[in-house]
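J.: Here you go, this is run-v8.cif (mmCIF, C-alpha atoms).
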data_input
#
loop_
_atom_site.label_atom_id
_atom_site.label_comp_id
_atom_site.auth_asym_id
_atom_site.auth_seq_id
_atom_site.Cartn_x
_atom_site.Cartn_y
_atom_site.Cartn_z
CA MET A 22 81.37 123.57 106.91
CA ALA A 23 84.50 121.52 107.27
CA GLN A 24 84.54 118.47 105.09
CA GLU A 25 86.06 115.03 105.60
CA GLN A 26 88.91 114.29 103.23
CA SER A 27 88.86 111.42 100.82
CA THR A 28 91.88 109.18 101.25
CA SER A 29 93.20 106.74 98.69
CA LEU A 30 93.67 103.11 99.58
CA LEU A 31 97.28 103.22 98.41
CA SER A 32 98.19 106.00 100.84
CA SER A 33 96.35 104.22 103.67
CA LEU A 34 98.26 100.97 103.07
CA LYS A 35 101.52 102.78 103.77
CA ARG A 36 100.44 103.80 107.27
CA GLY A 37 100.70 101.63 110.36
CA ILE A 38 97.59 103.14 111.97
CA PHE A 39 95.47 101.87 109.06
CA TRP A 40 96.66 98.30 109.59
CA ASN A 41 96.08 98.72 113.31
CA PHE A 42 92.40 99.58 112.81
CA GLY A 43 92.11 96.95 110.09
CA GLY A 44 93.27 94.45 112.70
CA LEU A 45 90.65 95.70 115.15
CA TYR A 46 87.96 95.05 112.56
CA PHE A 47 89.41 91.67 111.60
CA PHE A 48 89.58 90.17 115.08
CA TYR A 49 86.28 91.63 116.26
CA PHE A 50 84.31 90.35 113.28
CA ALA A 51 86.10 87.01 113.48
CA VAL A 52 84.40 86.65 116.87
CA TRP A 53 81.10 87.79 115.34
CA GLN A 54 81.31 85.21 112.55
CA LEU A 55 82.30 82.39 114.89
CA ILE A 56 79.34 83.06 117.17
CA PHE A 57 76.68 83.36 114.51
CA THR A 58 78.03 80.40 112.53
CA PHE A 59 78.66 77.87 115.29
CA LEU A 60 76.52 78.91 118.27
CA PRO A 61 73.32 77.33 116.82
CA TYR A 62 75.17 74.01 116.41
CA TRP A 63 76.60 74.24 119.94
CA LEU A 64 73.22 75.01 121.48
CA LYS A 65 71.62 72.02 119.78
CA GLY A 66 74.59 69.65 120.23
CA PRO A 67 76.89 69.98 123.27
CA ALA A 68 74.45 72.19 125.21
CA GLY A 69 71.45 69.99 124.39
CA MET A 70 69.05 72.92 124.14
CA ASP A 71 65.62 72.54 122.62
CA THR A 72 64.54 74.91 119.82
CA THR A 73 62.50 77.13 122.14
CA ALA A 74 65.43 77.81 124.48
CA SER A 75 67.80 78.28 121.53
CA GLY A 76 65.47 80.85 120.02
CA LEU A 77 65.32 82.62 123.38
CA VAL A 78 69.11 83.10 123.33
CA PHE A 79 68.94 85.09 120.08
CA SER A 80 65.83 86.98 121.20
CA ILE A 81 67.60 88.10 124.38
CA MET A 82 70.63 89.16 122.33
CA SER A 83 68.41 91.39 120.17
CA PHE A 84 66.44 92.72 123.14
CA GLY A 85 69.69 93.49 124.94
CA ALA A 86 70.79 95.62 122.00
CA LEU A 87 67.59 97.68 122.30
CA ILE A 88 68.63 98.55 125.85
CA LEU A 89 72.39 98.87 125.38
CA GLN A 90 72.78 100.81 122.14
CA PRO A 91 70.77 103.87 123.28
CA ILE A 92 73.00 103.92 126.39
CA PHE A 93 76.29 103.24 124.63
CA GLY A 94 75.71 105.89 121.92
CA PRO A 95 75.69 109.03 124.12
CA ILE A 96 78.47 107.59 126.29
CA GLN A 97 80.74 107.07 123.29
CA ASP A 98 79.98 110.56 121.98
CA ARG A 99 81.06 112.00 125.34
CA LEU A 100 84.21 109.89 125.28
CA GLY A 101 85.09 110.95 121.74
CA LEU A 102 88.32 109.11 120.93
CA LYS A 103 88.85 107.76 124.44
CA LYS A 104 88.98 103.96 124.51
CA GLY A 105 87.14 103.09 127.72
CA LEU A 106 83.91 101.74 126.26
CA PHE A 107 85.74 99.94 123.45
CA ILE A 108 87.98 98.19 126.00
CA PHE A 109 84.94 97.25 128.11
CA VAL A 110 83.35 95.44 125.15
CA VAL A 111 86.61 93.66 124.34
CA CYS A 112 87.06 92.57 127.96
CA CYS A 113 83.59 91.03 127.84
CA ILE A 114 84.70 89.00 124.82
CA LEU A 115 87.91 87.99 126.62
CA PHE A 116 85.92 85.87 129.09
CA LEU A 117 83.87 83.96 126.51
CA GLY A 118 86.13 80.88 126.51
CA PRO A 119 85.96 80.31 130.30
CA LEU A 120 82.28 81.27 130.49
CA PHE A 121 81.13 78.84 127.81
CA GLN A 122 83.09 75.97 129.30
CA TRP A 123 82.63 76.52 133.04
CA VAL A 124 79.54 78.71 133.46
CA PHE A 125 77.09 78.63 130.54
CA LEU A 126 77.22 74.87 129.94
CA PRO A 127 76.56 73.86 133.60
CA LEU A 128 73.88 76.58 133.89
CA ILE A 129 72.05 75.27 130.82
CA GLY A 130 72.24 71.77 132.25
CA ALA A 131 70.55 73.01 135.42
CA ASN A 132 67.92 75.22 133.78
CA GLN A 133 67.72 75.83 130.02
CA ILE A 134 65.60 78.99 130.23
CA LEU A 135 67.82 80.63 132.85
CA GLY A 136 70.90 79.59 130.89
CA ALA A 137 69.45 81.08 127.69
CA ILE A 138 68.67 84.40 129.41
CA VAL A 139 72.09 84.74 131.05
CA MET A 140 73.97 83.72 127.90
CA GLY A 141 71.89 85.94 125.62
CA ALA A 142 72.32 88.97 127.89
CA TYR A 143 76.10 88.51 128.09
CA LEU A 144 76.50 87.93 124.35
CA SER A 145 74.53 91.11 123.72
CA LEU A 146 77.27 93.03 125.55
CA CYS A 147 79.83 91.47 123.22
CA LEU A 148 77.92 91.50 119.94
CA ASN A 149 74.45 92.95 119.27
CA GLY A 150 74.92 95.79 121.72
CA GLY A 151 78.71 96.05 121.58
CA VAL A 152 79.04 96.18 117.80
CA GLY A 153 77.75 99.75 117.74
CA VAL A 154 80.63 100.79 119.99
CA ILE A 155 83.18 99.14 117.71
CA GLU A 156 81.71 100.61 114.52
CA ALA A 157 81.22 104.12 115.93
CA TYR A 158 84.68 104.30 117.50
CA ASN A 159 86.43 103.05 114.37
CA GLU A 160 84.47 105.39 112.10
CA ARG A 161 85.30 108.38 114.29
CA SER A 162 88.95 107.30 114.36
CA SER A 163 89.03 107.02 110.55
CA ARG A 164 88.28 110.75 110.38
CA ALA A 165 90.76 111.64 113.09
CA TYR A 166 93.61 109.58 111.59
CA HIS A 167 92.76 110.34 107.94
CA PHE A 168 91.91 107.02 106.34
CA GLU A 169 88.72 105.76 104.71
CA TYR A 170 86.39 103.92 107.05
CA GLY A 171 85.30 101.64 104.20
CA HIS A 172 88.86 100.55 103.45
CA ALA A 173 89.45 99.48 107.06
CA ARG A 174 85.99 97.89 107.25
CA LEU A 175 86.85 95.43 104.47
CA PHE A 176 89.01 93.60 107.03
CA GLY A 177 85.73 92.65 108.69
CA SER A 178 84.65 90.88 105.51
CA LEU A 179 87.97 89.09 105.28
CA ALA A 180 87.51 88.01 108.89
CA GLY A 181 84.11 86.52 108.07
CA ALA A 182 85.52 84.31 105.33
CA THR A 183 88.59 83.33 107.38
CA ALA A 184 86.66 82.56 110.56
CA SER A 185 84.14 80.40 108.69
CA PHE A 186 86.93 78.32 107.12
CA VAL A 187 89.21 78.01 110.16
CA GLY A 188 86.28 77.63 112.53
CA GLY A 189 84.98 74.66 110.56
CA ILE A 190 88.28 72.86 111.05
CA MET A 191 88.39 73.70 114.76
CA TRP A 192 84.77 72.66 115.29
CA ALA A 193 85.42 69.24 113.75
CA LYS A 194 88.34 68.63 116.13
CA ASN A 195 87.01 70.19 119.34
CA THR A 196 83.74 72.13 119.62
CA GLY A 197 84.90 74.01 122.72
CA SER A 198 87.94 75.40 120.90
CA ILE A 199 85.65 77.82 119.04
CA PHE A 200 85.01 79.82 122.19
CA TRP A 201 88.62 79.82 123.30
CA ALA A 202 89.45 81.19 119.84
CA MET A 203 87.19 84.14 120.71
CA THR A 204 89.17 84.72 123.90
CA PHE A 205 92.36 84.70 121.82
CA CYS A 206 90.85 87.26 119.40
CA ALA A 207 89.94 89.50 122.37
CA ALA A 208 93.50 89.31 123.70
CA VAL A 209 94.81 90.46 120.31
CA LEU A 210 92.20 93.23 120.25
CA LEU A 211 93.41 94.50 123.63
CA VAL A 212 96.97 94.67 122.32
CA LEU A 213 95.90 96.48 119.14
CA ILE A 214 93.74 99.06 120.92
CA SER A 215 96.40 99.67 123.59
CA ILE A 216 98.95 100.80 121.01
CA VAL A 217 96.57 103.32 119.41
CA LYS A 218 97.76 106.74 120.58
CA LEU A 219 95.19 109.47 121.05
CA PRO A 220 95.75 112.67 119.05
CA GLU A 221 97.27 115.45 121.12
CA ASP A 222 94.21 117.67 120.60
CA HIS A 223 91.60 115.01 121.34
CA MET A 224 88.70 115.98 123.61
CA ALA A 225 85.64 114.11 124.88
CA GLY A 226 83.44 115.51 122.16
CA ALA A 227 86.07 115.83 119.42
CA VAL A 228 85.14 114.70 115.96
CA GLN A 229 88.46 114.83 114.14
CA ALA A 230 91.75 116.61 114.42
CA GLU A 231 91.40 118.91 111.44
CA ASP A 232 87.64 119.48 111.63
CA SER A 233 87.52 122.25 114.19
CA ASN A 234 84.90 124.64 112.79
CA ASN A 235 86.65 127.38 114.79
CA GLY A 236 86.55 125.21 117.86
CA GLU A 237 82.81 124.60 117.83
CA ASP A 238 83.15 120.86 117.30
CA ASN A 239 85.22 120.54 120.46
CA GLU A 240 82.58 122.17 122.68
CA PRO A 241 80.63 119.97 125.14
CA ILE A 242 77.42 118.53 123.77
CA SER A 243 74.33 120.03 125.34
CA ARG A 244 71.08 118.23 126.10
CA GLU A 245 69.31 120.41 123.52
CA GLU A 246 71.76 119.30 120.83
CA TRP A 247 71.11 115.67 121.68
CA MET A 248 67.36 116.17 121.61
CA SER A 249 67.62 117.98 118.26
CA ILE A 250 68.35 114.61 116.66
CA PHE A 251 64.77 113.52 117.26
CA LYS A 252 63.40 116.75 115.80
CA ASN A 253 65.28 116.18 112.56
CA ARG A 254 63.10 114.59 109.89
CA SER A 255 66.20 113.16 108.18
CA PHE A 256 66.76 111.05 111.30
CA TRP A 257 63.27 109.52 111.10
CA GLY A 258 63.60 109.02 107.37
CA PHE A 259 66.95 107.32 107.98
CA CYS A 260 65.29 105.03 110.55
CA LEU A 261 62.55 104.06 108.08
CA LEU A 262 65.07 103.35 105.32
CA ILE A 263 67.17 101.21 107.67
CA ILE A 264 64.09 99.18 108.67
CA GLY A 265 63.26 98.70 104.98
CA SER A 266 66.80 97.68 104.06
CA ALA A 267 69.11 96.49 106.88
CA THR A 268 66.25 94.97 108.89
CA MET A 269 64.68 93.29 105.88
CA TYR A 270 68.10 92.01 104.79
CA ASP A 271 68.36 90.09 108.06
CA VAL A 272 64.71 88.99 107.94
CA PHE A 273 65.29 87.68 104.42
CA ASP A 274 68.46 85.88 105.53
CA GLN A 275 66.86 84.17 108.52
CA GLN A 276 65.05 81.50 106.50
CA PHE A 277 66.88 81.77 103.15
CA PRO A 278 69.28 78.86 103.93
CA ASN A 279 66.26 76.58 104.38
CA TYR A 280 64.73 77.86 101.15
CA PHE A 281 68.04 77.29 99.34
CA ALA A 282 68.40 73.77 100.75
CA SER A 283 64.87 72.91 99.58
CA PHE A 284 66.17 72.90 95.98
CA PHE A 285 68.37 69.88 96.84
CA SER A 286 67.20 66.31 97.33
CA ASP A 287 69.75 66.01 100.15
CA ALA A 288 69.31 68.86 102.66
CA THR A 289 72.81 68.31 104.09
CA ALA A 290 74.37 68.68 100.65
CA GLY A 291 72.32 71.83 100.15
CA ALA A 292 73.54 73.31 103.43
CA THR A 293 77.17 72.50 102.58
CA PHE A 294 76.89 74.05 99.14
CA PHE A 295 75.21 77.13 100.58
CA SER A 296 78.09 77.65 103.05
CA ARG A 297 80.50 77.71 100.11
CA VAL A 298 78.34 80.24 98.29
CA VAL A 299 78.38 82.46 101.39
CA SER A 300 82.18 82.24 101.58
CA VAL A 301 82.46 83.42 97.98
CA GLN A 302 79.97 86.19 98.70
CA ILE A 303 82.00 87.45 101.67
CA LEU A 304 85.22 87.50 99.62
CA LEU A 305 83.43 89.46 96.87
CA GLU A 306 82.22 91.90 99.52
CA ALA A 307 85.82 92.58 100.52
CA ILE A 308 86.76 93.29 96.90
CA CYS A 309 83.82 95.67 96.49
CA MET A 310 84.82 97.52 99.65
CA LEU A 311 88.08 98.54 97.95
CA PHE A 312 86.36 100.92 95.55
CA MET A 313 83.12 101.64 97.42
CA PRO A 314 84.33 104.70 99.43
CA ALA A 315 85.38 106.50 96.24
CA LEU A 316 82.09 105.59 94.55
CA ILE A 317 79.98 106.85 97.48
CA ASN A 318 82.00 110.07 97.52
CA LYS A 319 80.91 110.61 93.90
CA ILE A 320 77.26 109.61 94.03
CA GLY A 321 76.38 110.59 97.61
CA ALA A 322 75.57 108.49 100.66
CA LYS A 323 71.80 108.84 100.31
CA THR A 324 72.03 107.53 96.75
CA GLY A 325 74.20 104.67 98.02
CA LEU A 326 71.54 103.74 100.58
CA LEU A 327 68.84 103.82 97.90
CA ILE A 328 70.95 101.55 95.69
CA TYR A 329 71.39 99.20 98.66
CA GLY A 330 67.63 99.07 99.15
CA GLY A 331 67.09 98.67 95.40
CA ILE A 332 69.42 95.66 95.13
CA LEU A 333 67.73 94.05 98.12
CA PHE A 334 64.32 94.62 96.51
CA VAL A 335 65.51 92.98 93.29
CA ARG A 336 66.98 90.01 95.17
CA VAL A 337 63.85 89.37 97.22
CA LEU A 338 61.49 89.87 94.31
CA GLY A 339 63.62 87.66 92.08
CA CYS A 340 63.64 84.83 94.61
CA ALA A 341 59.84 84.78 94.43
CA PHE A 342 60.11 83.59 90.82
CA ILE A 343 63.45 81.74 90.57
CA ASN A 344 63.24 77.96 90.26
CA THR A 345 66.82 76.93 89.36
CA ILE A 346 69.88 76.55 91.57
CA PRO A 347 72.31 78.52 89.32
CA MET A 348 70.01 81.55 89.26
CA LEU A 349 69.48 81.29 93.00
CA VAL A 350 73.26 81.28 93.51
CA PHE A 351 73.63 84.36 91.29
CA TRP A 352 70.86 86.16 93.17
CA ARG A 353 72.56 85.33 96.46
CA LEU A 354 75.91 86.67 95.25
CA LEU A 355 74.27 90.04 94.54
CA ALA A 356 74.42 90.47 98.32
CA ALA A 357 78.16 91.04 97.86
CA LEU A 358 77.22 94.45 96.40
CA GLU A 359 74.59 95.23 99.01
CA MET A 360 76.73 95.16 102.13
CA PRO A 361 79.50 97.50 100.86
CA PHE A 362 76.87 100.03 99.74
CA MET A 363 75.23 99.85 103.16
CA LEU A 364 78.35 99.84 105.35
CA VAL A 365 79.98 102.83 103.68
CA SER A 366 76.82 104.84 102.97
CA VAL A 367 75.42 104.60 106.50
CA MET A 368 78.51 106.12 108.11
CA LYS A 369 79.03 108.77 105.45
CA TYR A 370 75.39 109.85 105.58
CA ILE A 371 75.50 110.20 109.37
CA THR A 372 78.67 112.30 109.40
CA ARG A 373 77.56 114.50 106.50
CA VAL A 374 73.98 115.27 107.54
CA PHE A 375 74.17 115.24 111.36
CA ASP A 376 76.45 116.87 113.92
CA LYS A 377 79.62 114.79 113.84
CA ARG A 378 79.96 115.01 117.61
CA LEU A 379 76.74 112.97 117.81
CA SER A 380 77.75 110.34 115.24
CA ALA A 381 77.76 107.46 117.75
CA THR A 382 74.33 108.42 119.09
CA VAL A 383 72.81 108.74 115.62
CA TYR A 384 74.35 105.43 114.56
CA MET A 385 73.20 103.47 117.60
CA TYR A 386 69.70 104.96 117.62
CA GLY A 387 69.10 105.41 113.89
CA PHE A 388 70.77 102.21 112.75
CA GLY A 389 71.16 99.84 115.70
CA THR A 390 67.96 100.47 117.64
CA ALA A 391 65.77 100.99 114.57
CA LYS A 392 67.09 97.76 113.06
CA GLN A 393 66.50 95.74 116.23
CA ILE A 394 62.94 97.07 116.62
CA GLY A 395 62.26 96.14 113.01
CA LEU A 396 63.70 92.68 113.52
CA THR A 397 61.56 92.11 116.60
CA ILE A 398 58.40 92.92 114.63
CA PHE A 399 59.07 91.60 111.17
CA SER A 400 60.85 88.38 112.17
CA LEU A 401 57.58 87.26 113.73
CA VAL A 402 55.45 88.58 110.85
CA MET A 403 57.52 86.99 108.10
CA GLY A 404 57.99 83.76 110.03
CA ASN A 405 54.23 83.41 110.07
CA MET A 406 54.00 84.37 106.38
CA TYR A 407 56.49 81.67 105.40
CA THR A 408 54.29 79.13 107.18
CA GLN A 409 50.96 80.42 105.92
CA LEU A 410 51.82 81.45 102.34
CA GLY A 411 55.04 79.61 101.48
CA PHE A 412 58.34 81.19 100.45
CA HIS A 413 57.32 82.53 97.03
CA HIS A 414 54.29 84.51 98.16
CA ALA A 415 56.02 85.60 101.36
CA TYR A 416 58.91 87.00 99.30
CA LEU A 417 56.44 89.03 97.22
CA LEU A 418 55.05 90.55 100.41
CA LEU A 419 58.56 91.22 101.74
CA ALA A 420 59.52 92.97 98.49
CA VAL A 421 56.50 95.29 98.83
CA LEU A 422 57.46 96.12 102.43
CA ILE A 423 61.02 96.91 101.34
CA ALA A 424 59.81 99.28 98.62
CA VAL A 425 57.38 101.09 100.96
CA PHE A 426 59.91 101.66 103.75
CA VAL A 427 62.84 102.59 101.49
CA ILE A 428 60.85 105.04 99.37
CA GLY A 429 59.07 106.50 102.40
CA GLY A 430 62.33 106.98 104.26
CA SER A 431 64.11 108.54 101.30
CA LEU A 432 61.38 111.18 100.94
CA LEU A 433 62.12 112.38 104.49
CA MET A 434 65.92 112.25 104.24
CA ARG A 435 67.92 115.34 103.31
CA SER A 436 70.36 114.86 100.46
CA ASP A 437 74.11 114.90 101.11
CA SER A 438 74.97 115.46 97.44
CA LYS A 439 76.65 118.84 97.99
CA VAL A 440 79.05 117.34 100.52
CA ALA A 441 79.68 114.40 98.19
CA GLN A 442 80.57 116.73 95.31
CA VAL A 443 83.15 118.53 97.46
CA GLU A 444 84.73 115.24 98.61
CA ALA A 445 84.81 113.76 95.12
#
Can you dump the structure from the file as structure tokens?
T.:
Amino acid sequence: MAQEQSTSLLSSLKRGIFWNFGGLYFFYFAVWQLIFTFLPYWLKGPAGMDTTASGLVFSIMSFGALILQPIFGPIQDRLGLKKGLFIFVVCCILFLGPLFQWVFLPLIGANQILGAIVMGAYLSLCLNGGVGVIEAYNERSSRAYHFEYGHARLFGSLAGATASFVGGIMWAKNTGSIFWAMTFCAAVLLVLISIVKLPEDHMAGAVQAEDSNNGEDNEPISREEWMSIFKNRSFWGFCLLIIGSATMYDVFDQQFPNYFASFFSDATAGATFFSRVVSVQILLEAICMLFMPALINKIGAKTGLLIYGGILFVRVLGCAFINTIPMLVFWRLLAALEMPFMLVSVMKYITRVFDKRLSATVYMYGFGTAKQIGLTIFSLVMGNMYTQLGFHHAYLLLAVLIAVFVIGGSLLMRSDSKVAQVEA
């Protein structure tokens, strides 16, 4: 079996292609951060939406991902390193500035429900559904151009911190400028992706230039090979682990800001302080991403995913008993370790255990779709638990669910330790 080659950060920094893909991550996740930070404020303020319609926007975004990611995955695998689907997603982002100002706002004024559905569906193309295209294309490119996916992905963390800071200034001056900033980011993305040159030996189903397996990896993907994914117990174990970790991470985060703010007599002060904690967390994530690829190469991607689930379990369980702000801050900052373990381990596990030609399909089904299904179910369940039991008891229940799904999934997943030993 051909193995992916570990690449040092120092050697990557000397190559223009690395900075090119780092830029792609930076400007895409700047858009992501701007939307998820400021859209709730825009919906409530300038758009004048009630809470029901606002919630519908995010529900439609998640539901759209359930439809789009299973479609986008096979398409991207057929395209290989071709840019068509990537450019389509970026072009959707390019129109966000005009759409928010001249289409979405008047539509919401006419009919909030219709406006929420149209906006949510379009944003799903850009974000919840489109993110799988961005991640899968960049991961595949990291193998083709010989740099570590995790090292380029840290630019996404830097974008999160930068967009939160700069976006706050822009929002205070002109709320509409946020969405035009997204259009600007898309324009930069189009420039960056246009200057990426395809390898001479690229093919629709290619996985990487040096990973030929005597030409087998460049053969067209058959229907039987696609269907074999769903007969692989590692795939179903991976889905269960993702539901128990990535899904529960988001479920935990949905109401955590309110829980955090409840420790302050002034809720506004609590929210402001929490935003600063999140900024520090994101910067720490970027630092952790520097050494995470090398660490995962040594310990294995499955082990990395188990550590990710373990840290999340500790954080959730700890929050059920914590009653001081300093400890709550420390527990929140542990998330800076979680995300690097998850981001690097997910991609490495997929490319080590499954056919690399199907990496986009496995990612969008096993990670994207499984996560969105879990969110649809457990967001409702835990929302009710918070109301019925309170945060402390609800966190105990959430910790149990995390343990059950992570352990159950890991028992089904095949180890990638032999591949990890070769790469290390």
J.: Sorted by chain and rising residue number, list the residues of segment 142-211 of chain A at most 6 Å from segment 293-309 of chain A (counting all atoms listed in the file), each with its closest atom pair and distance in Å to one decimal, as JSON lines.
T.:
{"residue": "A:Leu175", "atom": "CA", "partner": "A:Ala307", "partner_atom": "CA", "distance": 5.0}
{"residue": "A:Ser178", "atom": "CA", "partner": "A:Ala307", "partner_atom": "CA", "distance": 5.4}
{"residue": "A:Ala182", "atom": "CA", "partner": "A:Ser300", "partner_atom": "CA", "distance": 5.4}
J.: Just how far from atom CA of Leu219 of chain A is atom CA of Gly105 of chain A, in Å to one decimal?
T.: 12.2 Å
J.: Please determine, counting only C-alpha atoms, which residue among A:Gly330, A:Phe176, A:Thr382, A:Ser255 has the shortest atom-to-atom distance to Leu358 of chain A.
T.: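 Checking each of A:Gly330, A:Phe176, A:Thr382, A:Ser255 against Leu358 of chain A, counting only C-alpha atoms, the winner is A:Gly330.
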J.: Please report as CSV every residue of segment 102-195 of chain A lying within 10 Å of segment 37-61 of chain A, along with the nearest atom pair and their distance in Å (one decimal), using all atoms listed in the file.
T.:
residue,atom,partner,partner_atom,distance
A:Val111,CA,A:Tyr49,CA,8.3
A:Ile114,CA,A:Val52,CA,8.3
A:Leu144,CA,A:Ile56,CA,9.1
A:Cys147,CA,A:Trp53,CA,8.8
A:Leu148,CA,A:Trp53,CA,6.7
A:Asn149,CA,A:Trp53,CA,9.3
A:Val152,CA,A:Tyr49,CA,8.7
A:Ile155,CA,A:Tyr46,CA,8.1
A:Glu156,CA,A:Tyr46,CA,8.6
A:Asn159,CA,A:Phe42,CA,7.1
A:Glu160,CA,A:Phe42,CA,9.9
A:Ser162,CA,A:Phe42,CA,8.6
A:Ser163,CA,A:Phe39,CA,8.4
A:Tyr166,CA,A:Ile38,CA,7.6
A:His167,CA,A:Phe39,CA,9.0
A:Phe168,CA,A:Phe39,CA,6.8
A:Glu169,CA,A:Phe39,CA,8.9
A:Tyr170,CA,A:Phe42,CA,9.4
A:His172,CA,A:Gly43,CA,8.2
A:Ala173,CA,A:Gly43,CA,4.8
A:Arg174,CA,A:Tyr46,CA,6.3
A:Leu175,CA,A:Gly43,CA,7.8
A:Phe176,CA,A:Phe47,CA,5.0
A:Gly177,CA,A:Phe47,CA,4.8
A:Ser178,CA,A:Phe47,CA,7.8
A:Leu179,CA,A:Phe47,CA,7.0
A:Ala180,CA,A:Ala51,CA,4.9
A:Gly181,CA,A:Gln54,CA,5.4
A:Ala182,CA,A:Gln54,CA,8.4
A:Thr183,CA,A:Ala51,CA,7.5
A:Ala184,CA,A:Ala51,CA,5.4
A:Ser185,CA,A:Leu55,CA,6.8
A:Phe186,CA,A:Leu55,CA,9.9
A:Val187,CA,A:Leu55,CA,9.5
A:Gly188,CA,A:Leu55,CA,6.6
A:Gly189,CA,A:Phe59,CA,8.5
A:Trp192,CA,A:Phe59,CA,8.0
J.: Can you tell me how far atom CA of Thr268 of chain A sits from atom CA of Ser83 of chain A, in Å to one decimal?
T.: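 A separation of 12.0 Å between them.
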J.: To one decimal place in Å, what is the distance between atom CA of Val272 of chain A and atom CA of Asp287 of chain A?
T.: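 Spanning atom CA of Val272 of chain A to atom CA of Asp287 of chain A is a straight-line distance of 24.8 Å.
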J.: Mind telling me what the PyMOL selection byres ((chain A and resi 344) around 12) catches here, as a list in words?
T.: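 With the shown file as input, the PyMOL selection byres ((chain A and resi 344) around 12) matches Tyr280, Phe281, Ser283, Phe284, Phe285, Gly339, Cys340, Ala341, Phe342, Ile343, Thr345, Ile346, Pro347, Met348, Leu349, Val350, Trp352, Phe412 and His413 of chain A.
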J.: Apply the PyMOL selection byres ((chain A and resi 404) around 12) to the structure shown and report the selected residues as a list of chain:residue names.
T.: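 Listing what the PyMOL selection byres ((chain A and resi 404) around 12) selects in the shown file: A:Val272, A:Phe273, A:Asp274, A:Gln275, A:Gln276, A:Phe277, A:Leu396, A:Thr397, A:Ile398, A:Phe399, A:Ser400, A:Leu401, A:Val402, A:Met403, A:Asn405, A:Met406, A:Tyr407, A:Thr408, A:Gln409, A:Leu410, A:Gly411, A:Phe412, A:Ala415, A:Tyr416, A:Leu419.
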J.: Taking (72.8, 98.9, 125.5) in the file's own coordinates, collect the residues within 9 Å, counting all atoms listed in the file, and hand them back as a list in words.
T.: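 Collected hits near the coordinates: Gly85, Ala86, Leu87, Ile88, Leu89, Gln90, Pro91, Ile92, Phe93, Gly94, Ser145, Leu146, Asn149, Gly150 and Gly151 of chain A.
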J.: Let me make sure I understand: among A:Met313, A:Ile428, A:Val139, A:Ile371, which one has the smallest atom-to-atom distance to Ala157 of chain A if we use all atoms listed in the file?
T.: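 Smallest separation from Ala157 of chain A among the options: A:Ile371.
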J.: From the options A:Leu355, A:Val421, A:Val154, A:Ala290, which residue's atoms come nearest to Pro95 of chain A, counting all atoms listed in the file?
T.: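 Closest to Pro95 of chain A, using all atoms listed in the file: A:Val154.
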J.: Can you give me, as a list in words, the residues this file yields under the PyMOL selection byres ((chain A and resi 81) around 8)?
T.: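 Against this file, the PyMOL selection byres ((chain A and resi 81) around 8) returns the residues Leu77, Val78, Phe79, Ser80, Met82, Ser83, Phe84, Gly85, Ala137, Ile138, Gly141, Ala142 and Ser145 of chain A.
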J.: Counting only C-alpha atoms, figure out which residue out of A:Ala131, A:Leu261, A:Leu102, A:Leu213 gets nearest to Ala165 of chain A.
T.: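 Closest residue, counting only C-alpha atoms: A:Leu102.
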J.: Please give the centre and size of the box around segment 87-105 of chain A (axis-aligned, containing every atom listed in the file, 8 Å added per side), with values in Å to one decimal and written as lines of an AutoDock Vina configuration file.
T.:
center_x = 78.3
center_y = 104.8
center_z = 124.3
size_x = 37.4
size_y = 30.3
size_z = 22.8
J.: So, with all atoms listed in the file as the atoms that count, which of A:Leu117, A:Ile108, A:Ala74, A:Leu432 lies closest to Gly136 of chain A?
T.: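 Ranked by minimum distance to Gly136 of chain A, first place goes to A:Ala74.
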J.: For a quick check of understanding, using all atoms listed in the file, which of A:Leu338, A:Leu354, A:Val212, A:Ala381 has the smallest distance to His414 of chain A?
T.: A:Leu338
